[in-house]
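**Student:** This is the structure, below, for whatever I ask next.
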Amino acid sequence: MEGTSWDLALVVFEVWLSVVLGLIVLPAMFGVSLGFTDLYVKALVKTLEWATLRIQRGQKEEDAVPAHLPNGIIEKDDGSMEEEIGELRRSHPKSLAGGDFTLCDAFYFCKKGIESIVEDQVTQRFTSEELASWNLLTRTNNNFHYISVRVTIIWGLGVFIRYCILLPLRVTLAVLGLSWLVIGTTLVGLLPHSNVKTWISDLIHVTCYRICARALSARIRYHNKENHPKKGGICVANHTSPIDIVILANDGCYAMVGQIHGGLMGVIQRSMVRSCPHVWFERSEMKDRHAVAKRLKDHVADKTKQPILIFPEGTCINNTSVMMFKKGSFDIGATIYPVAIKYDPQFGDAFWNSGKYNMVSYLLRMMTSWAIVCNVWYLPPMSLQDGEDAVHFANRVKSAIARQGGLVDLFWDGGLKREKVKESYKEEQQKMYSSMIKGRLPSHERQDCEV
Amino acid sequence: MGSTSSTLAKIPNAEDLMQETGFTPAHLVRLYDRFKVLDKDKKGFLTPQDFVAIKELAMNPICDRIIGAFFTSGGETLDFPSFVRILAHFRPIDKNRPKEPTSPDPINSRSNKLKFAFQLYDQDKDGKISRHELLQVLRAMLEKQVTEEQLESIADRTIQEADLDRDDAISFEEFRKSLEKVNIDHKMSIRFLR
């Protein structure tokens with residue numbers, strides 16, 4: 001009896017594997033889509049729309065709090081410090097042009113402070129975006145409670161489909177894809193340097209990423225492919241999760257930049273570099289800015305190497321905004337190819353909240369979402385202009401990406417996720433305020449400050 | 001079955017709070033969600049450190065004073081009702097409120113807003129802004145940007161202009177008189193978008 005049940009299991013496994021290979025892996029490798037994902041996404045959209053209507057019907061009596069407020073919850077004055085304090089002072093009886101300290105100046109800072117207590121731009125960027133309507137995933141169920149039997153049944157069905165059907169399928173695909181990458185690149189690494197080697201290596205990389213994209217049920221739309229990053233350039237993109245790499249590499253080969261890890265990641269990294277040049281750093285090397293810049297410069301100068309892929313924010317942001325770009329990659333003098341990535345949160349939240357989830361739980365969450373639907377825009381290449389410094393250039397690129405992706409352009413540093421605000425920010429505020437007072441100092445004092 | 005009523009139920013004494021502060025149910029829920037976001041360790045109350053963690057507040061020159069306004073009498077914990085009561089000062093003034101001479105001023109009256117601002121200056125709460133206290137605020141707002149003498153001359157001039165009874169300090173009445181033309185409702189109010 002035991003023998004037959006094992007045989008049966010083996011047969012099922014073989015059938016399963018051949019279905020997966022035949023219907024998913026092979027077409028993926030050739031870049032052919034059998035249309036399953038598209039059909040699936042269409043069905044999903046219809047289901048979610050139906051669920052939304054149901055939920056809204058259930059809520060219509062109540063004075064419901066709208067969950068998704070893209071512009072924030074409070075009104076903020078757009079004026080600069082000068083304008084706001086100027087307005088305050090104008091109503092003061094003794095106010096004179098040129099600015100004088102008045103007791104009401106403190107109102108400006110007080111109001112700004114209270115506004116930031118009620119709502120600030122930074123804290124919300126490191127948690128997942130709120131959804132306008134529930135997408136039938138338990139994890140996004142914050143404000144939506146039991147609505148009706150039918151919605152609950154659909155939700156239950158969804159759980160079954162996602163965990164019992166999609167998850168095993170996706171895990172199989174991911175394992176296949178990564179093994180393919182490791183084995184393939186190691187084999188290619190044995191070949192001597194030649195055009196053929198590069199071509200095969202590119203093929204292996206792309207096919208691996210395509211399999212991985214299937215493993216996430218990713219539906220990616222690429223826009224403006226004519227601006228695709230070219231060799232000798234640097235591709236910069238906004239960072240939401242490690243999946244960004246899979247998303248971008250589906251459409252071309254890039255040289256990755258990053259720190260060498262241990263464990264499985266390290267194995268993958270080491271085998272990748274055998275077949276084509278990536279830029280991996282030891283942890284100690286990362287601190288030496290000059291060494292990093294030099295290696296990047298060398299890579300970029302070699303026109304046979306693939307464009308470098310860098311995420312200048314340095315950390316994962318929740319895809320509603322773009323935070324400060326670190327200037328390192330903009331200082332090298334290479335052409336920058338900006339790319340904007342925007343995920344559709346309705347089908348699955350791609351943001352990696354590294355404080356809350358480790359890599360494995362994050363990947364599990366990804367593989368039990370409905371799908372990953374995203375848009376990728378390739379923006380026209382940009383270079384450093386005459387007289388422009390790296391910081392200004394970085395901000396220019398950041399604004400272009402934010403505009404294209406419909407994201408909020410923030411000056412805040414993503415590093416604030418873990419660090420405290422630097423004193424320099426406060427000093428900036430004090431400096432701006434002092435310029436509104438110095439003008440009115442009596443003449444003998446003015447001579448003092450000339451010194 | 002809507003979302004507001006279920007979250008409103010989680011807020012203790014919601015009805016009383018709304019009565020006292022004048023916030024609508026929707027706004028109270030918003031503030032409750034914000035309170036929970038700020039309370040990262042889920043203690044149930046806020047500490048000064050939770051406030052300093054707000055990056056935009058940390059770069060405000062008078063950050064310490066604003067936080068001090070929440071933690072009166074040296075306490076280190078702030079529960080949700082107290083949080084909301086302080087924020088109620090910044091509700092826009094209810095223009096349609098009938099003027100009943102016997103009922104007390106609502107928390108967000110023009111007078112109470114001015115009192116809140118006054119207390120940012122008057123740290124020892126003796127009802128007067130002394131020269132020393134004024135200097136402290138100036139120092140906070142300007143720190144390294146001006147010299148000590150410049151600070152002193154600014155303080156002197158300010159007291160000269162506002163101090164009507166020549167006691168070298170600014171009382172609340174003098175403070176109020178000095179700012180009588182300022183549009184307090186606009187400058188010291190925060191409006192919810194919905």
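Just so we're on the same page: first chain in the structure tokens is A, next is B, and so on; residues restart at 1 for each chain, and ligands are numbered from 1 in the order they show up.
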Which neighbours of segment 9-20 of chain B fall inside 9 Å, counting only C-alpha atoms, when residues of the same chain fewer than 6 positions from it are skipped, and could you give them as an NGL selection string?
**Tutor:** :B and (28-29 or 32 or 80-81 or 84-85 or 88 or 106-107)
**Student:** Taking only chain B into account, list the residues labelled helix (DSSP H, G or I) by DSSP (computed from the backbone), as a ChimeraX atom specification.
**Tutor:** /B:3-10,14-21,25-38,48-52,55-58,63-70,72-74,80-90,110-121,131-145,148-162,172-178,184-187
**Student:** With only C-alpha atoms as the atoms that count, which of B:Lys177, B:Val137, B:Asn96, B:Asn112 lies nearest to Phe109 of chain A?
**Tutor:**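 Between B:Lys177, B:Val137, B:Asn96, B:Asn112, the residue approaching Phe109 of chain A most closely is B:Val137.
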**Student:** Pick the closest to Ile67 of chain B from A:Cys110, A:Leu296, A:Ala301, A:Val421: which is it, counting only C-alpha atoms?
**Tutor:**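 Looking only at the distances to Ile67 of chain B, the closest residue turns out to be A:Cys110.
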**Student:** Name the closest residue to Gly68 of chain B among the candidates B:Asp41, B:Tyr121, B:Ser171, B:Leu134; distances are taken between atoms, counting only C-alpha atoms.
**Tutor:**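 Comparing B:Asp41, B:Tyr121, B:Ser171, B:Leu134 against Gly68 of chain B, the winner is B:Tyr121.
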**Student:** Skip segment 216-229 of chain A itself and residues of its chain fewer than 4 positions away, then list as a ChimeraX atom specification all residues within 6 Å of it, counting only C-alpha atoms.
**Tutor:** /A:337,367,371-378,380
**Student:** Tell me which of A:Asp38, A:Asp120, A:Asp202, A:Glu313 sits closest to chain B, counting only C-alpha atoms.
**Tutor:**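 For chain B, the nearest of the candidates is A:Asp120.
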